[in-house]
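What follows is work01.cif (mmCIF, C-alpha atoms).
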```
data_data
#
loop_
_atom_site.group_PDB
_atom_site.id
_atom_site.type_symbol
_atom_site.label_atom_id
_atom_site.label_comp_id
_atom_site.auth_asym_id
_atom_site.auth_seq_id
_atom_site.Cartn_x
_atom_site.Cartn_y
_atom_site.Cartn_z
ATOM 1 C CA MET A 1 0.000 0.000 0.000
ATOM 2 C CA ALA A 2 1.141 3.498 -0.755
ATOM 3 C CA THR A 3 1.694 5.613 2.312
ATOM 4 C CA ASN A 4 2.441 9.185 3.286
ATOM 5 C CA SER A 5 1.029 10.662 0.057
ATOM 6 C CA PRO A 6 -0.500 14.134 -0.178
ATOM 7 C CA GLY A 7 -4.274 13.878 0.053
ATOM 8 C CA PRO A 8 -6.930 15.902 -1.751
ATOM 9 C CA ASP A 9 -6.906 18.556 0.959
ATOM 10 C CA GLY A 10 -3.123 19.015 0.759
ATOM 11 C CA ALA A 11 -2.455 17.040 3.948
ATOM 12 C CA ARG A 12 -0.340 13.886 4.075
ATOM 13 C CA HIS A 13 -2.448 10.743 4.053
ATOM 14 C CA GLY A 14 -1.945 7.061 3.553
ATOM 15 C CA PRO A 15 -4.255 5.072 1.276
ATOM 16 C CA LEU A 16 -7.822 6.357 1.176
ATOM 17 C CA LEU A 17 -11.118 4.491 1.078
ATOM 18 C CA LEU A 18 -13.995 5.585 -1.143
ATOM 19 C CA VAL A 19 -17.168 4.176 0.358
ATOM 20 C CA HIS A 20 -20.898 4.403 -0.345
ATOM 21 C CA LEU A 21 -22.905 5.293 2.774
ATOM 22 C CA GLY A 22 -26.524 5.129 1.704
ATOM 23 C CA THR A 23 -27.159 8.677 0.471
ATOM 24 C CA ARG A 24 -23.525 9.784 0.528
ATOM 25 C CA LEU A 25 -20.156 9.042 -1.020
ATOM 26 C CA ALA A 26 -17.323 9.562 1.438
ATOM 27 C CA LEU A 27 -13.542 9.503 1.109
ATOM 28 C CA CYS A 28 -11.965 8.343 4.358
ATOM 29 C CA THR A 29 -8.418 8.367 5.717
ATOM 30 C CA PRO A 30 -6.671 5.460 7.479
ATOM 31 C CA ASP A 31 -7.390 6.981 10.884
ATOM 32 C CA GLY A 32 -11.129 7.147 10.204
ATOM 33 C CA GLY A 33 -11.372 10.825 9.298
ATOM 34 C CA GLU A 34 -13.444 11.982 6.344
ATOM 35 C CA VAL A 35 -11.478 13.885 3.719
ATOM 36 C CA ALA A 36 -14.391 14.725 1.444
ATOM 37 C CA GLY A 37 -17.942 13.686 0.735
ATOM 38 C CA ILE A 38 -20.911 14.342 -1.505
ATOM 39 C CA ARG A 39 -24.599 13.828 -0.837
ATOM 40 C CA LEU A 40 -26.683 11.771 -3.266
ATOM 41 C CA PRO A 41 -30.446 12.307 -3.719
ATOM 42 C CA SER A 42 -32.499 10.147 -1.385
ATOM 43 C CA ASN A 43 -34.721 9.002 -4.276
ATOM 44 C CA GLY A 44 -31.841 6.847 -5.537
ATOM 45 C CA GLU A 45 -31.748 8.434 -8.994
ATOM 46 C CA ASP A 46 -28.006 9.139 -8.892
ATOM 47 C CA ILE A 47 -27.271 5.724 -7.414
ATOM 48 C CA GLY A 48 -29.185 3.975 -10.184
ATOM 49 C CA ARG A 49 -27.393 5.946 -12.903
ATOM 50 C CA ILE A 50 -23.987 5.227 -11.374
ATOM 51 C CA MET A 51 -24.684 1.493 -11.121
ATOM 52 C CA GLU A 52 -25.696 1.513 -14.811
ATOM 53 C CA GLY A 53 -22.329 3.034 -15.686
ATOM 54 C CA THR A 54 -23.446 6.651 -16.157
ATOM 55 C CA VAL A 55 -22.004 8.885 -13.443
ATOM 56 C CA PRO A 56 -23.981 12.169 -13.023
ATOM 57 C CA GLU A 57 -22.071 15.287 -13.976
ATOM 58 C CA HIS A 58 -21.974 16.783 -10.471
ATOM 59 C CA VAL A 59 -20.692 13.497 -8.985
ATOM 60 C CA GLU A 60 -18.019 13.153 -11.663
ATOM 61 C CA ARG A 61 -16.954 16.766 -11.166
ATOM 62 C CA TRP A 62 -16.619 16.199 -7.417
ATOM 63 C CA ALA A 63 -14.681 12.989 -7.976
ATOM 64 C CA ARG A 64 -12.276 14.633 -10.425
ATOM 65 C CA GLN A 65 -11.608 17.526 -8.071
ATOM 66 C CA THR A 66 -11.090 15.125 -5.172
ATOM 67 C CA LEU A 67 -9.328 12.157 -6.773
ATOM 68 C CA GLY A 68 -8.109 13.268 -10.173
ATOM 69 C CA LYS A 69 -4.974 15.101 -9.042
ATOM 70 C CA PRO A 70 -1.634 13.707 -10.221
ATOM 71 C CA GLN A 71 -0.331 13.397 -6.660
ATOM 72 C CA ALA A 72 -3.495 11.836 -5.242
ATOM 73 C CA PRO A 73 -2.900 8.884 -2.903
ATOM 74 C CA THR A 74 -3.926 5.311 -3.538
ATOM 75 C CA VAL A 75 -7.705 4.922 -3.345
ATOM 76 C CA PHE A 76 -9.449 1.687 -2.460
ATOM 77 C CA ALA A 77 -13.092 0.831 -3.171
ATOM 78 C CA ARG A 78 -14.988 -2.150 -1.775
ATOM 79 C CA ASP A 79 -18.582 -1.541 -2.927
ATOM 80 C CA PRO A 80 -19.844 -1.564 -6.546
ATOM 81 C CA LEU A 81 -20.993 2.067 -6.545
ATOM 82 C CA SER A 82 -17.614 3.421 -5.446
ATOM 83 C CA ALA A 83 -15.901 1.172 -7.993
ATOM 84 C CA SER A 84 -18.137 2.598 -10.749
ATOM 85 C CA VAL A 85 -17.099 6.133 -9.808
ATOM 86 C CA LEU A 86 -13.404 5.230 -10.023
ATOM 87 C CA LYS A 87 -13.936 3.543 -13.400
ATOM 88 C CA SER A 88 -15.617 6.686 -14.752
ATOM 89 C CA LEU A 89 -12.438 8.629 -13.986
ATOM 90 C CA GLY A 90 -10.230 6.035 -15.619
ATOM 91 C CA LEU A 91 -8.678 5.204 -12.256
ATOM 92 C CA PRO A 92 -7.759 1.639 -11.282
ATOM 93 C CA VAL A 93 -10.260 -0.081 -9.009
ATOM 94 C CA ARG A 94 -8.168 -1.361 -6.124
ATOM 95 C CA SER A 95 -9.744 -3.633 -3.563
ATOM 96 C CA PRO A 96 -8.066 -4.618 -0.279
ATOM 97 C CA ARG A 97 -7.321 -8.315 -0.152
ATOM 98 C CA THR A 98 -8.602 -10.474 2.685
ATOM 99 C CA ALA A 99 -5.191 -10.212 4.368
ATOM 100 C CA ASP A 100 -5.389 -6.423 4.109
ATOM 101 C CA LEU A 101 -8.767 -6.441 5.831
ATOM 102 C CA ARG A 102 -7.400 -8.588 8.634
ATOM 103 C CA ARG A 103 -4.528 -6.156 9.117
ATOM 104 C CA ALA A 104 -7.047 -3.327 9.106
ATOM 105 C CA ARG A 105 -7.848 -4.082 12.733
ATOM 106 C CA THR A 106 -4.487 -2.724 13.800
ATOM 107 C CA ARG A 107 -3.253 -0.708 10.803
ATOM 108 C CA SER A 108 -4.847 1.191 7.917
ATOM 109 C CA PHE A 109 -8.574 1.874 8.283
ATOM 110 C CA ALA A 110 -8.435 0.614 11.871
ATOM 111 C CA ALA A 111 -10.375 3.544 13.272
ATOM 112 C CA LEU A 112 -13.103 3.839 10.660
ATOM 113 C CA PRO A 113 -16.416 5.176 11.997
ATOM 114 C CA PRO A 114 -19.193 2.590 12.393
ATOM 115 C CA ARG A 115 -20.915 3.554 9.145
ATOM 116 C CA GLU A 116 -17.771 2.984 7.114
ATOM 117 C CA MET A 117 -17.129 -0.317 8.848
ATOM 118 C CA ILE A 118 -20.705 -1.418 8.073
ATOM 119 C CA ALA A 119 -20.210 -0.486 4.428
ATOM 120 C CA LEU A 120 -16.975 -2.486 4.315
ATOM 121 C CA GLY A 121 -18.689 -5.447 5.939
ATOM 122 C CA SER A 122 -21.595 -5.273 3.490
ATOM 123 C CA ALA A 123 -19.204 -5.219 0.558
ATOM 124 C CA GLU A 124 -17.326 -8.222 1.973
ATOM 125 C CA LEU A 125 -20.614 -10.080 2.454
ATOM 126 C CA GLY A 126 -21.652 -9.305 -1.102
ATOM 127 C CA ALA A 127 -18.351 -10.586 -2.443
ATOM 128 C CA ARG A 128 -18.678 -13.735 -0.360
ATOM 129 C CA LEU A 129 -22.265 -14.454 -1.442
ATOM 130 C CA SER A 130 -21.377 -13.963 -5.095
ATOM 131 C CA SER A 131 -18.470 -16.407 -4.946
ATOM 132 C CA ARG A 132 -18.643 -19.673 -6.898
ATOM 133 C CA GLU A 133 -18.459 -21.578 -3.614
ATOM 134 C CA GLU A 134 -21.672 -19.985 -2.336
ATOM 135 C CA GLN A 135 -23.344 -20.326 -5.734
ATOM 136 C CA VAL A 136 -22.731 -24.086 -5.719
ATOM 137 C CA MET A 137 -24.170 -24.511 -2.223
ATOM 138 C CA SER A 138 -27.231 -22.370 -3.011
ATOM 139 C CA LEU A 139 -27.928 -24.192 -6.277
ATOM 140 C CA SER A 140 -27.511 -27.548 -4.541
ATOM 141 C CA ARG A 141 -30.127 -26.593 -1.963
ATOM 142 C CA GLU A 142 -32.468 -25.374 -4.702
ATOM 143 C CA CYS A 143 -32.121 -28.593 -6.718
ATOM 144 C CA ASP A 144 -32.865 -30.699 -3.646
ATOM 145 C CA ARG A 145 -35.866 -28.502 -2.788
ATOM 146 C CA LEU A 146 -37.332 -28.765 -6.281
ATOM 147 C CA GLU A 147 -36.878 -32.535 -6.249
ATOM 148 C CA ARG A 148 -38.766 -32.786 -2.946
ATOM 149 C CA VAL A 149 -41.579 -30.594 -4.264
ATOM 150 C CA LEU A 150 -41.936 -32.610 -7.466
ATOM 151 C CA ARG A 151 -41.787 -35.922 -5.620
ATOM 152 C CA LYS A 152 -44.467 -34.827 -3.159
ATOM 153 C CA ASP A 153 -46.614 -33.428 -5.967
ATOM 154 C CA GLU A 154 -46.388 -36.746 -7.816
ATOM 155 C CA GLU A 155 -47.572 -38.635 -4.723
ATOM 156 C CA LEU A 156 -50.494 -36.281 -4.145
ATOM 157 C CA THR A 157 -51.451 -36.288 -7.825
ATOM 158 C CA THR A 158 -51.499 -40.092 -7.862
ATOM 159 C CA ASN A 159 -53.862 -40.160 -4.879
ATOM 160 C CA LEU A 160 -56.057 -37.448 -6.374
ATOM 161 C CA SER A 161 -56.294 -39.205 -9.732
ATOM 162 C CA LEU A 162 -58.135 -42.095 -8.023
ATOM 163 C CA VAL A 163 -61.221 -39.874 -7.751
ATOM 164 C CA SER A 164 -60.768 -38.170 -11.110
ATOM 165 C CA PHE A 165 -63.441 -38.834 -13.723
ATOM 166 C CA PRO A 166 -64.084 -37.096 -17.056
ATOM 167 C CA GLY A 167 -66.018 -33.886 -16.658
ATOM 168 C CA THR A 168 -65.491 -33.585 -12.902
ATOM 169 C CA ALA A 169 -63.847 -30.666 -11.093
ATOM 170 C CA VAL A 170 -60.933 -32.891 -10.049
ATOM 171 C CA GLU A 171 -60.295 -33.871 -13.665
ATOM 172 C CA ARG A 172 -60.273 -30.237 -14.758
ATOM 173 C CA TYR A 173 -57.972 -29.310 -11.891
ATOM 174 C CA LEU A 174 -55.452 -32.036 -12.728
ATOM 175 C CA ARG A 175 -55.457 -31.011 -16.380
ATOM 176 C CA ASP A 176 -54.687 -27.375 -15.498
ATOM 177 C CA ALA A 177 -52.129 -28.355 -12.850
ATOM 178 C CA GLY A 178 -50.057 -30.156 -15.465
ATOM 179 C CA ALA A 179 -48.762 -26.829 -16.796
ATOM 180 C CA ALA A 180 -47.526 -25.834 -13.339
ATOM 181 C CA VAL A 181 -45.746 -29.167 -12.928
ATOM 182 C CA SER A 182 -44.090 -28.772 -16.337
ATOM 183 C CA ALA A 183 -42.859 -25.330 -15.307
ATOM 184 C CA LEU A 184 -41.379 -26.781 -12.105
ATOM 185 C CA GLN A 185 -39.644 -29.519 -14.070
ATOM 186 C CA ALA A 186 -38.164 -26.977 -16.470
ATOM 187 C CA ARG A 187 -37.015 -24.916 -13.497
ATOM 188 C CA ARG A 188 -35.316 -27.963 -11.988
ATOM 189 C CA LEU A 189 -33.498 -28.687 -15.253
ATOM 190 C CA THR A 190 -32.276 -25.090 -15.416
ATOM 191 C CA ALA A 191 -31.023 -25.270 -11.816
ATOM 192 C CA GLU A 192 -29.285 -28.580 -12.512
ATOM 193 C CA ARG A 193 -27.526 -27.177 -15.594
ATOM 194 C CA SER A 194 -26.279 -24.190 -13.608
ATOM 195 C CA LEU A 195 -25.199 -26.446 -10.745
ATOM 196 C CA THR A 196 -23.289 -28.740 -13.118
ATOM 197 C CA GLU A 197 -21.446 -25.823 -14.703
ATOM 198 C CA GLU A 198 -20.474 -24.192 -11.401
ATOM 199 C CA THR A 199 -19.539 -27.424 -9.598
ATOM 200 C CA GLN A 200 -17.378 -28.734 -12.425
ATOM 201 C CA ALA A 201 -15.521 -25.419 -12.479
ATOM 202 C CA LEU A 202 -15.057 -25.350 -8.702
ATOM 203 C CA LEU A 203 -14.497 -29.058 -7.954
ATOM 204 C CA PRO A 204 -13.508 -30.727 -11.239
ATOM 205 C CA ASN A 205 -11.750 -33.746 -9.722
ATOM 206 C CA THR A 206 -14.357 -34.354 -7.025
ATOM 207 C CA SER A 207 -17.205 -34.013 -9.541
ATOM 208 C CA THR A 208 -15.612 -36.596 -11.818
ATOM 209 C CA LEU A 209 -15.126 -39.014 -8.940
ATOM 210 C CA LEU A 210 -18.484 -38.729 -7.174
ATOM 211 C CA GLY A 211 -20.775 -36.969 -9.618
ATOM 212 C CA VAL A 212 -21.817 -33.336 -9.637
ATOM 213 C CA ARG A 213 -24.735 -33.647 -7.226
ATOM 214 C CA THR A 214 -22.797 -35.590 -4.594
ATOM 215 C CA ALA A 215 -19.799 -33.242 -4.810
ATOM 216 C CA ALA A 216 -22.091 -30.228 -4.356
ATOM 217 C CA ARG A 217 -23.915 -31.865 -1.449
ATOM 218 C CA LEU A 218 -20.630 -32.628 0.301
ATOM 219 C CA LEU A 219 -19.614 -28.983 -0.011
ATOM 220 C CA GLU A 220 -23.004 -27.843 1.253
ATOM 221 C CA ALA A 221 -22.837 -30.195 4.251
ATOM 222 C CA ALA A 222 -19.260 -29.146 5.080
ATOM 223 C CA GLY A 223 -20.173 -25.449 4.904
ATOM 224 C CA SER A 224 -17.095 -24.250 3.026
ATOM 225 C CA LEU A 225 -14.307 -25.389 0.748
ATOM 226 C CA ARG A 226 -11.778 -24.872 3.516
ATOM 227 C CA ALA A 227 -13.712 -27.094 5.934
ATOM 228 C CA LEU A 228 -14.160 -29.807 3.315
ATOM 229 C CA SER A 229 -10.485 -29.756 2.309
ATOM 230 C CA MET A 230 -9.431 -30.273 5.944
ATOM 231 C CA MET A 231 -11.563 -33.407 6.414
ATOM 232 C CA GLY A 232 -9.995 -36.837 6.396
ATOM 233 C CA PRO A 233 -11.460 -39.867 4.599
ATOM 234 C CA GLY A 234 -13.296 -41.086 7.686
ATOM 235 C CA ARG A 235 -15.103 -37.800 8.174
ATOM 236 C CA ILE A 236 -15.999 -37.488 4.486
ATOM 237 C CA GLN A 237 -17.380 -41.025 4.532
ATOM 238 C CA LEU A 238 -19.790 -40.157 7.353
ATOM 239 C CA ILE A 239 -21.011 -36.752 6.081
ATOM 240 C CA GLY A 240 -24.784 -36.982 5.991
ATOM 241 C CA ALA A 241 -24.930 -40.315 7.888
ATOM 242 C CA ARG A 242 -27.499 -40.771 10.627
ATOM 243 C CA ARG A 243 -27.578 -43.486 13.263
ATOM 244 C CA ARG A 244 -31.050 -45.003 13.236
ATOM 245 C CA THR A 245 -30.467 -47.994 15.531
ATOM 246 C CA PRO A 246 -28.682 -48.349 18.886
ATOM 247 C CA GLY A 247 -26.341 -50.942 17.375
ATOM 248 C CA ARG A 248 -23.568 -50.511 14.854
ATOM 249 C CA GLY A 249 -23.404 -47.027 13.384
ATOM 250 C CA PRO A 250 -23.797 -46.125 9.689
ATOM 251 C CA ARG A 251 -20.932 -46.792 7.302
ATOM 252 C CA TYR A 252 -21.601 -44.017 4.796
ATOM 253 C CA GLY A 253 -23.746 -40.945 4.287
ATOM 254 C CA LEU A 254 -23.907 -38.834 1.138
ATOM 255 C CA LEU A 255 -21.434 -41.150 -0.596
ATOM 256 C CA PHE A 256 -24.334 -43.603 -0.918
ATOM 257 C CA LEU A 257 -25.601 -41.288 -3.695
ATOM 258 C CA SER A 258 -22.327 -41.256 -5.620
ATOM 259 C CA GLU A 259 -22.267 -42.227 -9.275
ATOM 260 C CA GLY A 260 -21.300 -45.882 -9.620
ATOM 261 C CA MET A 261 -22.576 -46.933 -6.179
ATOM 262 C CA GLU A 262 -25.467 -48.796 -7.817
ATOM 263 C CA SER A 263 -22.973 -50.908 -9.785
ATOM 264 C CA VAL A 264 -22.003 -53.047 -6.770
ATOM 265 C CA PRO A 265 -24.134 -55.362 -4.596
ATOM 266 C CA PHE A 266 -25.866 -53.644 -1.713
ATOM 267 C CA ASP A 267 -23.822 -55.423 0.951
ATOM 268 C CA ARG A 268 -20.585 -54.295 -0.750
ATOM 269 C CA ARG A 269 -21.401 -50.588 -0.815
ATOM 270 C CA GLY A 270 -19.786 -49.970 2.553
ATOM 271 C CA ALA A 271 -16.461 -51.113 1.113
ATOM 272 C CA LEU A 272 -16.916 -48.911 -1.949
ATOM 273 C CA ALA A 273 -17.804 -45.973 0.304
ATOM 274 C CA ARG A 274 -14.484 -46.343 2.126
ATOM 275 C CA THR A 275 -12.616 -46.312 -1.168
ATOM 276 C CA LEU A 276 -14.530 -43.293 -2.451
ATOM 277 C CA ALA A 277 -13.924 -41.441 0.811
ATOM 278 C CA SER A 278 -10.177 -41.933 0.505
ATOM 279 C CA LEU A 279 -10.172 -40.856 -3.138
ATOM 280 C CA ALA A 280 -12.477 -37.893 -2.372
ATOM 281 C CA SER A 281 -10.060 -36.631 0.264
ATOM 282 C CA VAL A 282 -7.326 -36.546 -2.375
ATOM 283 C CA ALA A 283 -9.634 -35.040 -5.020
ATOM 284 C CA VAL A 284 -10.792 -32.190 -2.792
ATOM 285 C CA ARG A 285 -7.227 -31.238 -1.928
ATOM 286 C CA ALA A 286 -6.306 -31.274 -5.613
ATOM 287 C CA ASP A 287 -9.268 -29.000 -6.358
ATOM 288 C CA THR A 288 -8.592 -26.536 -3.547
ATOM 289 C CA GLN A 289 -4.820 -26.544 -3.114
ATOM 290 C CA THR A 290 -2.787 -27.865 -6.032
ATOM 291 C CA HIS A 291 -5.443 -27.280 -8.740
ATOM 292 C CA SER A 292 -4.012 -30.198 -10.688
ATOM 293 C CA ASP A 293 -6.029 -32.514 -12.937
ATOM 294 C CA ILE A 294 -5.958 -36.022 -11.496
ATOM 295 C CA THR A 295 -9.248 -37.194 -12.998
ATOM 296 C CA PRO A 296 -7.686 -40.075 -15.038
ATOM 297 C CA LEU A 297 -6.076 -41.509 -11.919
ATOM 298 C CA LEU A 298 -9.263 -41.137 -9.851
ATOM 299 C CA ARG A 299 -11.394 -42.721 -12.553
ATOM 300 C CA THR A 300 -9.015 -45.676 -12.901
ATOM 301 C CA HIS A 301 -8.952 -46.388 -9.149
ATOM 302 C CA LYS A 302 -12.727 -46.114 -8.893
ATOM 303 C CA GLU A 303 -13.452 -48.394 -11.853
ATOM 304 C CA THR A 304 -10.941 -50.976 -10.629
ATOM 305 C CA ARG A 305 -12.526 -51.044 -7.189
ATOM 306 C CA ILE A 306 -16.037 -51.362 -8.611
ATOM 307 C CA ARG A 307 -14.963 -54.349 -10.714
ATOM 308 C CA GLU A 308 -13.348 -56.009 -7.703
ATOM 309 C CA LEU A 309 -16.423 -55.595 -5.527
ATOM 310 C CA SER A 310 -18.826 -56.657 -8.271
ATOM 311 C CA GLN A 311 -16.918 -59.925 -8.855
ATOM 312 C CA ARG A 312 -16.540 -60.908 -5.221
ATOM 313 C CA ARG A 313 -18.992 -63.212 -3.576
ATOM 314 C CA ALA A 314 -21.436 -61.300 -1.372
ATOM 315 C CA GLY A 315 -20.569 -61.652 2.268
ATOM 316 C CA GLY A 316 -17.833 -59.903 4.220
ATOM 317 C CA ASP A 317 -16.849 -56.289 3.872
ATOM 318 C CA ARG A 318 -13.206 -56.701 3.101
#
```
Once you've parsed the file, please lay out its structure as structure tokens.
Amino acid sequence: MATNSPGPDGARHGPLLLVHLGTRLALCTPDGGEVAGIRLPSNGEDIGRIMEGTVPEHVERWARQTLGKPQAPTVFARDPLSASVLKSLGLPVRSPRTADLRRARTRSFAALPPREMIALGSAELGARLSSREEQVMSLSRECDRLERVLRKDEELTTNLSLVSFPGTAVERYLRDAGAAVSALQARRLTAERSLTEETQALLPNTSTLLGVRTAARLLEAAGSLRALSMMGPGRIQLIGARRRTPGRGPRYGLLFLSEGMESVPFDRRGALARTLASLASVAVRADTQTHSDITPLLRTHKETRIRELSQRRAGGDR
């Protein structure tokens, strides 16, 4: 970060923060003081124009007078509106990294007033929610929800069709309800396509090994990529498992839904789950740390194990 640069008011400042505060744009110093600010109409007209890429003349004039000087210090922007203002001036949009924000507790921007801190937090939350990681988890939940709705609707429709006869109100209702069901099915297909695209980009190795839906569900259950990457094979194997009897506990959870699990006898799926858990632990680390493509190796190990378990005589779990 640049430091000890002359600010817009002629004083010596470190890096500055341009932040949107509801009806105002404010330029703040590292010690929390406000260097300059401009009020925006409360009806949101200026805000809407800025977000569309058209900065109002009076806002651009203020920004040029405040930030357009050759000796102006480094300016950071965390929220989209402030970034749009910087872009309109042809200035680089600099955003503090996560490490910078951690250091902000004791260094630059440590003494920001509450409003500025709230704006920073909101911008961080927005960036987090728009990340591919969060998109995968949200789409996974939506796909599961739509499946439950369609499955329940099918059950209820089957029961209702028992009393459906031509010309009756029930028959007319079921005929009209078919359009709503078709719309739900199309919505599910759209969600699944988006989920496939995002999951394969985020977890390519894990998706190849377990299937897109299972990989996304594992991430959703873990809560974050970091948490999932830190799990060992034993923990991955039991994600989503529930103990239903007081005896021996479950041997697998979400891995039961993995692609290829149906290829082995039911009493051999515990053994396959252990293998998939070990391979998944490696795949997740490759996706999150090394970013290397190990899909051929994973596919070979999985197919070999499935063949072994399919050929063995049903019995033990070795």
- What gap, in Å, lies between CA of Arg151 (chain A) and CA of Ser263 (chain A)?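 According to the coordinates, CA of Arg151 (chain A) and CA of Ser263 (chain A) are separated by 24.4 Å.
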- Task: Expand the PyMOL selection byres ((chain A and resi 76-88) around 6) into the individual residues it matches in the shown file, reporting them as a PyMOL selection string.
- Result: chain A and resi 17-19+51+75+89-91+93-95+123
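Minimum atom-to-atom distance to Leu210 (chain A), evaluated using only C-alpha atoms, belongs to A:Gly260 out of A:Gly178, A:Gly260, A:Pro166, A:Pro233.
Each of A:Asp287, A:Glu262, A:Asp267, A:Asp144 was compared to Leu228 (chain A) using all atoms listed in the file, and A:Asp287 turns out to be the nearest.
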- Item | Ground truth for the PyMOL selection byres ((chain A and resi 221) around 12), written as a list in words | Val136, Met137, Ser138, Ser140, Arg141, Thr214, Ala215, Ala216, Arg217, Leu218, Leu219, Glu220, Ala222, Gly223, Ser224, Leu225, Ala227, Leu228, Met231, Arg235, Ile236, Leu238, Ile239, Gly240, Ala241, Gly253 and Leu254 of chain A
Pull C-alpha atoms from the residues just selected and write them as a PDB file, in the frame of the given file.
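result_25.pdb written:
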```
ATOM      1  CA  VAL A 136     -22.731 -24.086  -5.719  1.00  0.00           C
ATOM      2  CA  MET A 137     -24.170 -24.511  -2.223  1.00  0.00           C
ATOM      3  CA  SER A 138     -27.231 -22.370  -3.011  1.00  0.00           C
ATOM      4  CA  SER A 140     -27.511 -27.548  -4.541  1.00  0.00           C
ATOM      5  CA  ARG A 141     -30.127 -26.593  -1.963  1.00  0.00           C
ATOM      6  CA  THR A 214     -22.797 -35.590  -4.594  1.00  0.00           C
ATOM      7  CA  ALA A 215     -19.799 -33.242  -4.810  1.00  0.00           C
ATOM      8  CA  ALA A 216     -22.091 -30.228  -4.356  1.00  0.00           C
ATOM      9  CA  ARG A 217     -23.915 -31.865  -1.449  1.00  0.00           C
ATOM     10  CA  LEU A 218     -20.630 -32.628   0.301  1.00  0.00           C
ATOM     11  CA  LEU A 219     -19.614 -28.983  -0.011  1.00  0.00           C
ATOM     12  CA  GLU A 220     -23.004 -27.843   1.253  1.00  0.00           C
ATOM     13  CA  ALA A 222     -19.260 -29.146   5.080  1.00  0.00           C
ATOM     14  CA  GLY A 223     -20.173 -25.449   4.904  1.00  0.00           C
ATOM     15  CA  SER A 224     -17.095 -24.250   3.026  1.00  0.00           C
ATOM     16  CA  LEU A 225     -14.307 -25.389   0.748  1.00  0.00           C
ATOM     17  CA  ALA A 227     -13.712 -27.094   5.934  1.00  0.00           C
ATOM     18  CA  LEU A 228     -14.160 -29.807   3.315  1.00  0.00           C
ATOM     19  CA  MET A 231     -11.563 -33.407   6.414  1.00  0.00           C
ATOM     20  CA  ARG A 235     -15.103 -37.800   8.174  1.00  0.00           C
ATOM     21  CA  ILE A 236     -15.999 -37.488   4.486  1.00  0.00           C
ATOM     22  CA  LEU A 238     -19.790 -40.157   7.353  1.00  0.00           C
ATOM     23  CA  ILE A 239     -21.011 -36.752   6.081  1.00  0.00           C
ATOM     24  CA  GLY A 240     -24.784 -36.982   5.991  1.00  0.00           C
ATOM     25  CA  ALA A 241     -24.930 -40.315   7.888  1.00  0.00           C
ATOM     26  CA  GLY A 253     -23.746 -40.945   4.287  1.00  0.00           C
ATOM     27  CA  LEU A 254     -23.907 -38.834   1.138  1.00  0.00           C
TER      28      LEU A 254
END
```
- Item | Shortest interatomic distance to Tyr252 (chain A) - which of A:Leu27, A:Val35, A:Ala271, A:Val264, counting only C-alpha atoms |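 Closest residue, counting only C-alpha atoms: A:Ala271.
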- Task: Would you work out the distance separating CA of Leu279 (chain A) from CA of Arg148 (chain A), expressed in Å to one decimal?
- Result: 29.7 Å
Compile the contact shell of Arg24 (chain A) as a PDB file with C-alpha atoms, in the coordinates of the input: residues with an atom at most 7 Å away, counting all atoms listed in the file, same-chain residues fewer than 6 positions apart removed.
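File written: out25.pdb
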```
ATOM      1  CA  GLY A  37     -17.942  13.686   0.735  1.00  0.00           C
ATOM      2  CA  ILE A  38     -20.911  14.342  -1.505  1.00  0.00           C
ATOM      3  CA  ARG A  39     -24.599  13.828  -0.837  1.00  0.00           C
ATOM      4  CA  LEU A  40     -26.683  11.771  -3.266  1.00  0.00           C
TER       5      LEU A  40
END
```
- Name all residues at most 8 Å from region 301-304 of chain A (count all atoms listed in the file; drop same-chain ones fewer than 5 positions away) and give them as a list in words.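 The residues satisfying every condition are Leu209, Thr275 and Leu276 of chain A.
CA of Leu146 (chain A) lies 9.1 Å from CA of Ala191 (chain A).
Closest approach to Ala180 (chain A) among A:Val212, A:Leu160, A:Ala201, A:Val149 is made by A:Val149 (distances from only C-alpha atoms).
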12 Å contact set for Arg175 (chain A), only C-alpha atoms, chain neighbours under 3 positions out, as a short mmCIF file (atom, residue, chain, number, x, y, z; two decimals) with C-alpha atoms, in the frame of the given file:
```
data_model
loop_
_atom_site.label_atom_id
_atom_site.label_comp_id
_atom_site.auth_asym_id
_atom_site.auth_seq_id
_atom_site.Cartn_x
_atom_site.Cartn_y
_atom_site.Cartn_z
CA THR A 157 -51.45 -36.29 -7.82
CA LEU A 160 -56.06 -37.45 -6.37
CA SER A 161 -56.29 -39.20 -9.73
CA SER A 164 -60.77 -38.17 -11.11
CA PHE A 165 -63.44 -38.83 -13.72
CA PRO A 166 -64.08 -37.10 -17.06
CA GLY A 167 -66.02 -33.89 -16.66
CA THR A 168 -65.49 -33.58 -12.90
CA ALA A 169 -63.85 -30.67 -11.09
CA VAL A 170 -60.93 -32.89 -10.05
CA GLU A 171 -60.30 -33.87 -13.66
CA ARG A 172 -60.27 -30.24 -14.76
CA GLY A 178 -50.06 -30.16 -15.46
CA ALA A 179 -48.76 -26.83 -16.80
CA ALA A 180 -47.53 -25.83 -13.34
CA VAL A 181 -45.75 -29.17 -12.93
CA SER A 182 -44.09 -28.77 -16.34
#
```
- Tell me which residues the PyMOL selection byres ((chain A and resi 188) around 10) grabs here, as JSON, numbers by chain. {"A": [142, 143, 144, 145, 146, 147, 150, 182, 183, 184, 185, 186, 187, 189, 190, 191, 192, 193, 194]}
